[in-house]
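Scroll down for the structure; my scribbles are underneath it.
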4 protein chains.
Amino acid sequence: MSSNDITVGVIGAGRIGQLHVNNLKHFTGIHVKTISDVFTEHLGDWFETTGAEYLTKNYQDISNDTEIDAILICSPTDTHAAIIKDAAKAGKHIFCEKPISFSDAESLEAYEAVKQANVKFQIGFNRRYDQNFDKVKRLVEAKEIGDLHILKITSRDPAPPTLDYVSKSGGLFADMTIHDFDMARFISGSEVVEVFSQGTALVNPEIKELDDIDTAITSLKFANGAMGVIDNSRQAVYGYDQRLEAFGTKGFVNVNNETKTRVEVQSAVGINQDNPLHFFLERYNDAYIQEIAEFFAAIKNDEKISCTFKDGIMAQRIAEAAKESLDLGKPVKVKQLDKVKL
Amino acid sequence: MSSNDITVGVIGAGRIGQLHVNNLKHFTGIHVKTISDVFTEHLGDWFETTGAEYLTKNYQDISNDTEIDAILICSPTDTHAAIIKDAAKAGKHIFCEKPISFSDAESLEAYEAVKQANVKFQIGFNRRYDQNFDKVKRLVEAKEIGDLHILKITSRDPAPPTLDYVSKSGGLFADMTIHDFDMARFISGSEVVEVFSQGTALVNPEIKELDDIDTAITSLKFANGAMGVIDNSRQAVYGYDQRLEAFGTKGFVNVNNETKTRVEVQSAVGINQDNPLHFFLERYNDAYIQEIAEFFAAIKNDEKISCTFKDGIMAQRIAEAAKESLDLGKPVKVKQLDKVKL
Amino acid sequence: MSSNDITVGVIGAGRIGQLHVNNLKHFTGIHVKTISDVFTEHLGDWFETTGAEYLTKNYQDISNDTEIDAILICSPTDTHAAIIKDAAKAGKHIFCEKPISFSDAESLEAYEAVKQANVKFQIGFNRRYDQNFDKVKRLVEAKEIGDLHILKITSRDPAPPTLDYVSKSGGLFADMTIHDFDMARFISGSEVVEVFSQGTALVNPEIKELDDIDTAITSLKFANGAMGVIDNSRQAVYGYDQRLEAFGTKGFVNVNNETKTRVEVQSAVGINQDNPLHFFLERYNDAYIQEIAEFFAAIKNDEKISCTFKDGIMAQRIAEAAKESLDLGKPVKVKQLDKVKL
Amino acid sequence: MSSNDITVGVIGAGRIGQLHVNNLKHFTGIHVKTISDVFTEHLGDWFETTGAEYLTKNYQDISNDTEIDAILICSPTDTHAAIIKDAAKAGKHIFCEKPISFSDAESLEAYEAVKQANVKFQIGFNRRYDQNFDKVKRLVEAKEIGDLHILKITSRDPAPPTLDYVSKSGGLFADMTIHDFDMARFISGSEVVEVFSQGTALVNPEIKELDDIDTAITSLKFANGAMGVIDNSRQAVYGYDQRLEAFGTKGFVNVNNETKTRVEVQSAVGINQDNPLHFFLERYNDAYIQEIAEFFAAIKNDEKISCTFKDGIMAQRIAEAAKESLDLGKPVKVKQLDKVKL
């Protein structure tokens with residue numbers, strides 16, 4: 001191990017934690033030392049393949065380990081804020097899955113801890129690292145479509161999560177649309193100042209009983225005068241529908257879905273093409289690698305991280321405003337965050 | 001002239017009036033006898049090509065002519081209601097360009113006249129007769145996408161009209177979006193019960209001075225539980241953007257823009273394809289013929305007309321609610337119209 | 001009737017003759033006086049709709065009529081050469097459906113007659129007037145793809161003709177591929193100097209018994225050094241497949257099939273789009289109007305016709321060379337025609 | 001190292017050798033022990049990243065090493081046959097880049113050695129492992145398009161190789177089209193029995209001076225009665241053009257090019273989309289991993305390899321026939337190989 005290597009601890013070994021650990025094998029100079037999860041029994045076989053040294057139920061074995069330089073937080077959302085504070089105090093660089101927390105106050109506390117500790121912090125908005133959305137970002141920034149007027153985001157999951165998951169998810173806006181809220185800020189380069197949401201449970205009425213929705217349309221007003229709209233569904237039977245349109249004075253740019261192949265079959269009943277890639281693991285496979293690459297490159301070279309704590313807080317605040325709009329049946333202003341600079 | 005022939009008068013010989021007269025040449029058994037316009041001087045050359053017998057400044061030369069069976073109303077909107085009433089009293093079948101009027105009260109009065117006279121009445125929502133939207137309508141009706149959840153309509157003109165036109169247009173919603181409101185009702189097969197609109201003048205600030213907007217996003221709530229959204233712009237530099245997406249339990253259907261050719265040029269800078277057809281005359285060329293064909297077929301065979309007076313009033317009411325929503329900054333319920341059956 | 005009007009006789013009232021007569025209704029100043037066909041009994045109802053004055057079994061009633069300015073020859077191929085000679089002698093302008101004849105010698109005789117008479121002559125290669133192929137022609141001519149290297153033409157009919165038709169058709173190359181041979185010359189702007197054809201009856205073995213084929217691939221060598229290939233089938237179950245690729249130093253251009261709508265349906269089994277328009281009547285509807293418009297405009301304004309007698313002869317010669325290549329199993333040179341200028 | 005691990009030697013560390021070594025890092029249980037190349041000086045930095053133990057100029061250090069189980073042959077074509085024989089005698093499993101050799105006799109000798117030694121042998125036709133072509137193969141095999149009638153392959157490189165490379169390449173057919181010849185056999189599931197090639201140097205006249213061509217069209221006749229055509233160019237300025245169409249009784253299937261993104265930009269000058277991925281390293285990145293995965297899986301599980309010695313010889317024979325056809329200006333039969341079963 002070279003002195004320039006980075007030693008990593010991973011907290012939470014669910015689907016997304018395992019994803020990151022597996023991706024880290026592609027990198028040289030990144031060493032996963034310890035993985036923690038409150039349930040470790042079922043992880044044995046997978047753990048063997050990781051090359052990590054320790055598997056623990058106690059995440060503090062990671063935050064207290066002075067050999068560890070960086071921590072990936074992939075545990076349930078309600079644990080994020082506390083772990084961030086612990087990790088920051090211990091001087092670890094932090095990559096945290098979205099959302100930061102379910103509470104704005106908790107997020108701001110965690111933010112203060114990170115700021116005090118002066119460690120790197122990245123929030124896991126993986127879609128920013130997709131080459132499609134990244135290209136749109138650059139086209140919009142370069143004014144290739146002139147001034148942005150209208151931004152439209154379609155975001156539909158192939159199938160709803162379990163009701164158990166839904167009940168702990170924080171709701172559609174905090175769990176799912178939060179990615180789209182971040183995308184809206186990312187592409188527009190402007191803050192969302194007001195939202196109006198309508199939504200209901202059209203996919204599964206039981207979701208309504210959990211005081212949640214599965215289908216929604218959210219209108220956005222941006223600080224720069226542009227407008228936006230996001231449509232969501234928990235169930236698109238044809239696959240993970242991740243499209244975007246940005247319209248401006250000089251034209252428009254749109255992102256179509258990625259597919260497994262470019263094969264078309266034409267028969268007496270029409271032309272048939274592939275459906276979109278199934279879900280986020282397939283669609284954002286490369287994006288997950290790119291985002292974690294940025295995190296470790298920023299540590300190695302002491303560079304700025306592009307997907308910041310502020311990005312995490314603002315997406316969360318838009319989600320909260322959206323929920324309030326849905327409950328009140330009217331547009332709601334989004335609380336702004338001028339002083340957070342990280 | 002066979003006894004089964006239909007004698008027609010056309011009121012208003014602007015762009016759309018001329019369009020209909022020109023299209024009528026394709027039909028056998030339809031005879032345009034008289035054309036009226038308040039300004040006739042400039043029409044001479046065109047009038048010569050029409051085969052019509054009389055050109056008049058007074059539309060009552062048409063409504064009073066007992067030989068005339070059917071009237072096409074293509075004059076400015078503020079004249080529609082009075083002409084409808086005159087024509088109905090005279091027992092003429094009526095095809096009227098949208099919108100019926102700028103006033104709900106006037107529209108209802110005109111409706112009563114038509115109902116009393118028991119004549120055919122068709123409102124000119126041409127887009128219903130486009131083969132693309134017609135196909136979507138049939139797919140949705142046949143439940144090919146299951147139950148409708150979300151309907152998205154993109155409707156952008158290639159270039160804004162003159163400020164003079166804008167000032168008399170009744171505003172973006174009554175003038176332009178009204179087609180999209182009708183499309184929303186047509187495709188969904190359900191009434192719009194609530195709208196929320198946001199909009200501003202991003203294309204031309206002078207439009208704002210006329211108390212109008214040129215860019216808008218309108219959210220829709222349907223009676224059947226589905227949701228919708230319409231985005232509008234008065235200026236899409238790449239051409240007339242007329243797209244639609246309908247999303248349901250079993251899949252989604254979308255309409256892309258029509259183009260002049262299917263030619264793709266691939267060079268070192270990418271693949272280049274045609275822009276959409278320029279504007280409504282190009283895009284809805286066939287639809288205008290289809291709609292007028294339905295009108296005359298309904299007269300000849302005494303059949304029901306599919307695009308009704310009620311359709312005209314409801315689109316207008318949605319436009320009014322959208323304007324109110326924009327002014328108030330909150331969602332507005334759409335007044336329903338249960339008793340109008342025509 | 002103005003003195004500038006053109007009086008027309010139509011010889012042959014089969015599918016294509018009727019098509020032209022119907023299209024002529026769209027034109028002003030073109031008057032169809034007489035229609036001839038060897039079988040007239042079944043034409044009564046249609047003839048009534050044409051506005052023509054006379055229906056005759058004898059085409060010479062047309063060529064001998066001094067009031068008639070122009071003749072459309074839509075009769076079977078084996079009658080073309082004789083009719084052209086009669087018509088030319090009578091000083092009529094001539095529009096002739098492809099191919100000119102089944103015999104090069106007969107074609108040359110007919111050419112001499114036309115040359116002597118100094119009348120307008122147009123051969124009916126309708127595809128040149130399709131806006132897709134016309135655009136490609138202009139792009140290639142303007143060197144938008146640089147120098148042409150490879151030209152690929154796909155041409156497949158939706159269903160084979162009757163065996164009776166096949167037996168009189170002159171064979172696949174003379175009947176069907178002849179359009180593609182013309183397209184090759186049209187797009188490349190160069191003569192075809194050599195062909196190599198392979199083909200067999202894969203669609204219907206009975207076609208083989210008629211000494212014909214239904215599936216073929218023909219390689220072309222152009223005078224300017226470029227190369228080409230045409231693939232044909234008498235049966236594409238998904239519709240009329242009419243595509244083209246032209247590849248050059250600076251890029252490539254391709255023509256995709258036209259479809260009735262731009263509607264896509266996406267369900268659990270993939271994205272489904274429209275098949276191509278069914279057959280030539282649908283696909284080249286506008287092209288038929290454009291070609292006949294050129295013919296009459298050339299007469300009215302005494303202009304050159306772009307689709308010439310030479311074009312007719314050369315396509316026929318390529319077809320003959322293709323047949324010889326198929327029979328001999330080796331490439332065959334195409335006889336050139338330097339002195340024919342019409 | 002587990003007893004199930006495979007120890008590998010790699011002969012030839014040019015672009016493709018380095019590619020395979022880099023890809024092998026993704027696999028567990030595959031250990032590259034030794035890499036050989038006649039020029040090793042410039043490889044130092046890259047060699048350091050490989051994890052291999054030895055770098056040698058003498059490939060026999062690999063074939064003589066009893067610890068080595070499998071050899072990847074990535075050296076120049078003229079060395080393949082001798083290395084295959086050495087490796088086979090030493091009992092190594094062999095993965096060999098295409099083509100096997102420039103001489104049919106040499107290839108057959110190498111084949112005998114492999115057969116005697118009873119080792120695994122795979123020829124590197126990477127495109128078979130591309131998910132697009134693999135899907136087409138399965139669709140054709142499953143008769144989704146019915147019986148195959150016509151197979152069309154477009155294969156164009158983005159830029160010509162150096163003249164030095166060309167001079168040692170064995171010619172366009174043996175170097176480049178050989179992949180397409182293999183694809184023709186792979187997709188059709190039938191032998192190619194006859195070819196007719198035309199070609200010339202349109203991209204760079206200097207290639208002609210080397211007695212080679214850079215642009216070609218090759219017609220194919222298959223044993224099962226189907227027909228095919230391949231068009232090649234050494235220079236497609238828009239990127240690596242790798243498309244395929246298979247047409248049959250029930251429809252057709254086509255493969256479009258892969259692109260980096262699905263982003264479309266629509267402005268006043270049309271819709272612009274991405275060009276194809278640049279070249280084979282980008283386009284077949286995953287295919288290279290899949291092919292090598294099959295090789296090692298076949299060794300581990302003692303399974304049959306799908307891309308065989310016979311496939312290597314037959315593609316080479318078609319290439320030779322194509323060259324002969326080009327030279328003779330007539331179609332040439334392809335020598336068949338019934339007795340080779342490996």
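Going by the structure tokens order, chains are called A, B, ..., each with residues numbered from 1, while ligands are numbered from 1 in the order shown.
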
12 Å contact set for Cys307 of chain C, only C-alpha atoms, chain neighbours under 3 positions out, as JSON, numbers by chain = {"C": [95, 96, 97, 98, 120, 121, 122, 123, 124, 125, 126, 127, 128, 129, 182, 183, 185, 186, 291, 292, 294, 295, 298, 304, 310, 311, 312, 313, 314, 315, 341, 342]}

Residues of chain A within 9 Å of chain D: nearest atom pair and distance (Å, one decimal) for each, counting only C-alpha atoms, sorted by chain and number, as CSV?
residue,atom,partner,partner_atom,distance
A:Lys25,CA,D:His26,CA,8.3
A:His26,CA,D:His26,CA,7.5
A:Gln131,CA,D:Thr261,CA,6.5
A:Asn132,CA,D:Thr261,CA,5.2
A:Phe133,CA,D:Val263,CA,8.4
A:Lys135,CA,D:Val263,CA,7.7
A:Val136,CA,D:Val263,CA,7.4
A:Leu139,CA,D:Val265,CA,8.9
A:Glu144,CA,D:Val265,CA,8.7
A:Ile145,CA,D:Ser267,CA,7.4
A:Lys250,CA,D:Ser267,CA,6.1
A:Gly251,CA,D:Ser267,CA,4.3
A:Phe252,CA,D:Gln266,CA,5.2
A:Val253,CA,D:Val265,CA,4.3
A:Asn254,CA,D:Glu264,CA,5.3
A:Val255,CA,D:Val263,CA,4.5
A:Asn256,CA,D:Arg262,CA,5.2
A:Asn257,CA,D:Arg262,CA,6.8
A:Glu258,CA,D:Arg262,CA,6.7
A:Lys260,CA,D:Gln131,CA,7.7
A:Thr261,CA,D:Asn132,CA,5.3
A:Arg262,CA,D:Asn256,CA,5.2
A:Val263,CA,D:Val255,CA,4.5
A:Glu264,CA,D:Asn254,CA,5.3
A:Val265,CA,D:Val253,CA,4.3
A:Gln266,CA,D:Phe252,CA,5.2
A:Ser267,CA,D:Gly251,CA,4.3
A:Ala268,CA,D:Gly251,CA,6.9

Skipping near chain neighbours, those fewer than 6 positions away, what residues fall within 7 Å of Ile11 of chain D using only C-alpha atoms, listed as a CSV table (one decimal) with N, CA, C and O atoms, in the first residue's frame?
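Heads up, here's the output in result_2.csv:
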chain,number,residue,atom,x,y,z
D,35,ILE,N,4.1,-11.7,-19.7
D,35,ILE,CA,3.7,-11.0,-20.9
D,35,ILE,C,4.9,-10.9,-21.8
D,35,ILE,O,6.0,-10.6,-21.3
D,36,SER,N,4.8,-11.3,-23.1
D,36,SER,CA,6.0,-11.2,-24.0
D,36,SER,C,5.7,-10.2,-25.1
D,36,SER,O,4.5,-10.1,-25.6
D,37,ASP,N,6.7,-9.6,-25.6
D,37,ASP,CA,6.6,-8.8,-26.8
D,37,ASP,C,8.1,-8.6,-27.3
D,37,ASP,O,9.0,-8.6,-26.5
D,59,TYR,N,8.7,-15.3,-26.6
D,59,TYR,CA,7.4,-15.9,-26.2
D,59,TYR,C,7.5,-17.3,-25.7
D,59,TYR,O,6.6,-17.8,-25.1
D,72,LEU,N,-2.8,-16.2,-24.5
D,72,LEU,CA,-3.5,-15.3,-25.4
D,72,LEU,C,-2.5,-14.8,-26.4
D,72,LEU,O,-1.5,-14.3,-26.1
D,73,ILE,N,-2.8,-15.1,-27.7
D,73,ILE,CA,-1.9,-14.7,-28.8
D,73,ILE,C,-2.4,-13.5,-29.4
D,73,ILE,O,-3.5,-13.4,-30.1
D,74,CYS,N,-1.7,-12.4,-29.2
D,74,CYS,CA,-2.0,-11.1,-29.7
D,74,CYS,C,-0.9,-10.4,-30.5
D,74,CYS,O,-0.8,-9.2,-30.7
D,75,SER,N,0.0,-11.3,-31.0
D,75,SER,CA,1.1,-10.8,-31.8
D,75,SER,C,0.7,-10.7,-33.2
D,75,SER,O,-0.4,-11.0,-33.6

Atom pair atom CA of Asn204 of chain B / atom CA of Phe102 of chain B: separation (Å) | 23.9 Å

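For the pair atom CA of Asn4 of chain A and atom CA of Val32 of chain D, the interatomic distance is 25.6 Å.
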
Shell of 7 Å around Ser197 of chain C, only C-alpha atoms, local chain residues under 4 positions omitted, as a list of chain:residue names |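 Within the cut-off, the hits are C:Ala216, C:Ile217, C:Thr218, C:Ser219, C:Ala322, C:Ser325, C:Leu326.
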
Please write the residues from the selection above to a file, keeping all heavy atoms, as an mmCIF file, in the first residue's frame.
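out.cif, written as the output of this step:
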data_model
loop_
_atom_site.group_PDB
_atom_site.id
_atom_site.type_symbol
_atom_site.label_atom_id
_atom_site.label_comp_id
_atom_site.auth_asym_id
_atom_site.auth_seq_id
_atom_site.Cartn_x
_atom_site.Cartn_y
_atom_site.Cartn_z
ATOM 1 N N ALA C 216 -33.364 -10.285 -54.966
ATOM 2 C CA ALA C 216 -32.138 -10.052 -55.726
ATOM 3 C C ALA C 216 -31.228 -9.065 -55.018
ATOM 4 O O ALA C 216 -31.683 -8.209 -54.258
ATOM 5 C CB ALA C 216 -32.475 -9.508 -57.110
ATOM 6 N N ILE C 217 -29.939 -9.238 -55.278
ATOM 7 C CA ILE C 217 -28.939 -8.246 -54.886
ATOM 8 C C ILE C 217 -28.129 -7.915 -56.140
ATOM 9 O O ILE C 217 -27.607 -8.809 -56.786
ATOM 10 C CB ILE C 217 -28.024 -8.770 -53.776
ATOM 11 C CG1 ILE C 217 -28.804 -8.911 -52.459
ATOM 12 C CG2 ILE C 217 -26.839 -7.824 -53.572
ATOM 13 C CD1 ILE C 217 -27.987 -9.439 -51.298
ATOM 14 N N THR C 218 -28.052 -6.627 -56.442
ATOM 15 C CA THR C 218 -27.334 -6.190 -57.638
ATOM 16 C C THR C 218 -26.248 -5.188 -57.251
ATOM 17 O O THR C 218 -26.546 -4.160 -56.643
ATOM 18 C CB THR C 218 -28.308 -5.532 -58.635
ATOM 19 O OG1 THR C 218 -29.309 -6.481 -59.004
ATOM 20 C CG2 THR C 218 -27.569 -5.055 -59.877
ATOM 21 N N SER C 219 -25.008 -5.527 -57.601
ATOM 22 C CA SER C 219 -23.887 -4.592 -57.401
ATOM 23 C C SER C 219 -23.729 -3.722 -58.627
ATOM 24 O O SER C 219 -23.884 -4.205 -59.748
ATOM 25 C CB SER C 219 -22.575 -5.358 -57.208
ATOM 26 O OG SER C 219 -22.611 -6.114 -56.042
ATOM 27 N N ALA C 322 -28.553 -6.493 -66.007
ATOM 28 C CA ALA C 322 -28.751 -7.226 -64.745
ATOM 29 C C ALA C 322 -29.293 -8.625 -65.035
ATOM 30 O O ALA C 322 -28.851 -9.615 -64.443
ATOM 31 C CB ALA C 322 -29.703 -6.452 -63.836
ATOM 32 N N SER C 325 -26.532 -10.669 -66.417
ATOM 33 C CA SER C 325 -25.600 -11.033 -65.340
ATOM 34 C C SER C 325 -26.142 -12.207 -64.528
ATOM 35 O O SER C 325 -25.424 -13.151 -64.204
ATOM 36 C CB SER C 325 -25.349 -9.826 -64.432
ATOM 37 O OG SER C 325 -24.651 -10.229 -63.277
ATOM 38 N N LEU C 326 -27.413 -12.133 -64.215
ATOM 39 C CA LEU C 326 -28.046 -13.220 -63.466
ATOM 40 C C LEU C 326 -27.940 -14.534 -64.244
ATOM 41 O O LEU C 326 -27.609 -15.577 -63.673
ATOM 42 C CB LEU C 326 -29.514 -12.860 -63.209
ATOM 43 C CG LEU C 326 -30.332 -13.874 -62.414
ATOM 44 C CD1 LEU C 326 -29.892 -13.869 -60.961
ATOM 45 C CD2 LEU C 326 -31.819 -13.566 -62.519
#

Pick from D:Leu337, D:Ala81, D:Val195, D:Leu277: nearest to Val114 of chain D, with only C-alpha atoms counted?
->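 Distance minimum relative to Val114 of chain D lands on D:Ala81.
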
With a distance cut-off of 7 Å and only C-alpha atoms, select the neighbouring residues of Phe279 of chain A, excluding the residue or stretch itself and same-chain residues fewer than 4 positions from it, and output the selection as a PDB file with N, CA, C and O atoms, in the first residue's frame.
ATOM      1  N   ASP A 157     -40.300   5.028 -11.917  1.00  0.00           N
ATOM      2  CA  ASP A 157     -39.678   3.755 -11.553  1.00  0.00           C
ATOM      3  C   ASP A 157     -40.404   2.606 -12.242  1.00  0.00           C
ATOM      4  O   ASP A 157     -41.580   2.713 -12.551  1.00  0.00           O
ATOM      5  N   PRO A 158     -39.706   1.509 -12.457  1.00  0.00           N
ATOM      6  CA  PRO A 158     -40.371   0.384 -13.128  1.00  0.00           C
ATOM      7  C   PRO A 158     -41.439  -0.281 -12.251  1.00  0.00           C
ATOM      8  O   PRO A 158     -42.436  -0.764 -12.765  1.00  0.00           O
ATOM      9  N   GLY A 239     -40.316  -0.074 -17.944  1.00  0.00           N
ATOM     10  CA  GLY A 239     -38.949   0.120 -17.467  1.00  0.00           C
ATOM     11  C   GLY A 239     -38.729   1.501 -16.887  1.00  0.00           C
ATOM     12  O   GLY A 239     -39.638   2.326 -16.840  1.00  0.00           O
ATOM     13  N   TYR A 240     -37.520   1.725 -16.469  1.00  0.00           N
ATOM     14  CA  TYR A 240     -37.105   2.929 -15.741  1.00  0.00           C
ATOM     15  C   TYR A 240     -37.081   4.103 -16.716  1.00  0.00           C
ATOM     16  O   TYR A 240     -36.213   4.172 -17.600  1.00  0.00           O
ATOM     17  N   ARG A 283     -29.287   1.545 -15.238  1.00  0.00           N
ATOM     18  CA  ARG A 283     -29.228   2.847 -15.915  1.00  0.00           C
ATOM     19  C   ARG A 283     -28.049   3.683 -15.440  1.00  0.00           C
ATOM     20  O   ARG A 283     -27.447   4.416 -16.228  1.00  0.00           O
TER      21      ARG A 283
END

Identify all residues of segment 63-289 of chain D in strand (DSSP E or B) (DSSP on the backbone) and supply them as a ChimeraX atom specification.
-> /D:70-73,93-96,121-123,148-156,192-200,215-222,227-233,241-248,251-255,259,263-267,270-273,276

Segment 141-207 of chain D: residues DSSP assigns to helix (DSSP H, G or I), reported as a PyMOL selection string = chain D and resi 141+163-168+172-188+205-207

Those residues you just picked out, can you put them in a file as a short mmCIF file (atom, residue, chain, number, x, y, z; two decimals), in the first residue's frame with N, CA, C and O atoms?
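Output file out38.cif is given in full below:
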data_model
loop_
_atom_site.label_atom_id
_atom_site.label_comp_id
_atom_site.auth_asym_id
_atom_site.auth_seq_id
_atom_site.Cartn_x
_atom_site.Cartn_y
_atom_site.Cartn_z
N GLU D 141 -32.06 -17.13 -35.29
CA GLU D 141 -32.10 -18.56 -34.95
C GLU D 141 -33.50 -18.99 -34.53
O GLU D 141 -33.95 -20.09 -34.86
N LEU D 163 -0.08 3.69 -43.70
CA LEU D 163 0.30 2.92 -44.89
C LEU D 163 1.19 1.75 -44.51
O LEU D 163 1.13 0.68 -45.11
N ASP D 164 2.00 1.95 -43.49
CA ASP D 164 2.85 0.86 -43.00
C ASP D 164 1.99 -0.31 -42.52
O ASP D 164 2.23 -1.47 -42.87
N TYR D 165 0.96 0.02 -41.74
CA TYR D 165 0.04 -1.03 -41.28
C TYR D 165 -0.61 -1.72 -42.47
O TYR D 165 -0.67 -2.94 -42.55
N VAL D 166 -1.10 -0.91 -43.41
CA VAL D 166 -1.78 -1.47 -44.59
C VAL D 166 -0.87 -2.47 -45.31
O VAL D 166 -1.30 -3.56 -45.69
N SER D 167 0.37 -2.08 -45.45
CA SER D 167 1.29 -2.92 -46.24
C SER D 167 1.50 -4.29 -45.61
O SER D 167 1.84 -5.25 -46.30
N LYS D 168 1.30 -4.39 -44.29
CA LYS D 168 1.49 -5.69 -43.62
C LYS D 168 0.16 -6.35 -43.24
O LYS D 168 0.14 -7.38 -42.55
N LEU D 172 -7.41 -5.45 -47.33
CA LEU D 172 -8.69 -5.07 -46.70
C LEU D 172 -9.51 -6.28 -46.29
O LEU D 172 -10.05 -6.33 -45.18
N PHE D 173 -9.63 -7.26 -47.18
CA PHE D 173 -10.53 -8.39 -46.89
C PHE D 173 -10.02 -9.23 -45.72
O PHE D 173 -10.79 -9.65 -44.86
N ALA D 174 -8.71 -9.48 -45.69
CA ALA D 174 -8.15 -10.33 -44.63
C ALA D 174 -8.04 -9.59 -43.31
O ALA D 174 -8.09 -10.18 -42.24
N ASP D 175 -7.90 -8.28 -43.40
CA ASP D 175 -7.65 -7.50 -42.19
C ASP D 175 -8.93 -6.96 -41.57
O ASP D 175 -9.11 -6.98 -40.36
N MET D 176 -9.83 -6.48 -42.41
CA MET D 176 -11.00 -5.74 -41.92
C MET D 176 -12.30 -6.49 -42.21
O MET D 176 -13.08 -6.76 -41.31
N THR D 177 -12.51 -6.84 -43.46
CA THR D 177 -13.77 -7.50 -43.84
C THR D 177 -13.89 -8.87 -43.21
O THR D 177 -14.99 -9.42 -43.09
N ILE D 178 -12.76 -9.44 -42.79
CA ILE D 178 -12.81 -10.78 -42.19
C ILE D 178 -13.80 -10.83 -41.03
O ILE D 178 -14.50 -11.82 -40.83
N HIS D 179 -13.90 -9.74 -40.28
CA HIS D 179 -14.90 -9.66 -39.20
C HIS D 179 -16.32 -9.75 -39.76
O HIS D 179 -17.20 -10.34 -39.15
N ASP D 180 -16.53 -9.11 -40.89
CA ASP D 180 -17.86 -9.11 -41.50
C ASP D 180 -18.18 -10.47 -42.11
O ASP D 180 -19.33 -10.92 -42.07
N PHE D 181 -17.14 -11.11 -42.67
CA PHE D 181 -17.36 -12.47 -43.19
C PHE D 181 -17.76 -13.39 -42.04
O PHE D 181 -18.66 -14.23 -42.18
N ASP D 182 -17.09 -13.24 -40.91
CA ASP D 182 -17.48 -14.06 -39.76
C ASP D 182 -18.90 -13.73 -39.32
O ASP D 182 -19.68 -14.63 -39.00
N MET D 183 -19.21 -12.45 -39.30
CA MET D 183 -20.56 -12.04 -38.89
C MET D 183 -21.61 -12.65 -39.83
O MET D 183 -22.67 -13.10 -39.39
N ALA D 184 -21.30 -12.68 -41.12
CA ALA D 184 -22.23 -13.26 -42.09
C ALA D 184 -22.51 -14.73 -41.77
O ALA D 184 -23.66 -15.18 -41.79
N ARG D 185 -21.46 -15.46 -41.47
CA ARG D 185 -21.62 -16.88 -41.11
C ARG D 185 -22.35 -17.02 -39.77
O ARG D 185 -23.21 -17.89 -39.59
N PHE D 186 -22.00 -16.15 -38.82
CA PHE D 186 -22.57 -16.21 -37.47
C PHE D 186 -24.08 -15.97 -37.50
O PHE D 186 -24.86 -16.73 -36.94
N ILE D 187 -24.49 -14.89 -38.16
CA ILE D 187 -25.91 -14.51 -38.17
C ILE D 187 -26.72 -15.49 -39.02
O ILE D 187 -27.80 -15.92 -38.62
N SER D 188 -26.20 -15.82 -40.18
CA SER D 188 -26.98 -16.68 -41.10
C SER D 188 -27.03 -18.12 -40.63
O SER D 188 -27.94 -18.86 -40.97
N PRO D 205 -5.44 7.23 -52.48
CA PRO D 205 -4.87 6.57 -53.67
C PRO D 205 -3.56 5.83 -53.38
O PRO D 205 -3.22 4.87 -54.06
N GLU D 206 -2.86 6.25 -52.35
CA GLU D 206 -1.59 5.57 -52.01
C GLU D 206 -1.82 4.12 -51.60
O GLU D 206 -0.93 3.28 -51.71
N ILE D 207 -3.01 3.84 -51.11
CA ILE D 207 -3.33 2.47 -50.74
C ILE D 207 -3.34 1.59 -52.00
O ILE D 207 -2.97 0.42 -51.95
#

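In this model, the gap between atom CA of Val332 of chain A and atom CA of Phe196 of chain A comes to 6.4 Å.
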
Skip segment 109-113 of chain B itself and residues of its chain fewer than 6 positions away, then list as an MDAnalysis selection string all residues within 8 Å of it, counting only C-alpha atoms.
-> chainID B and resid 81:82 84:85 88:89 309
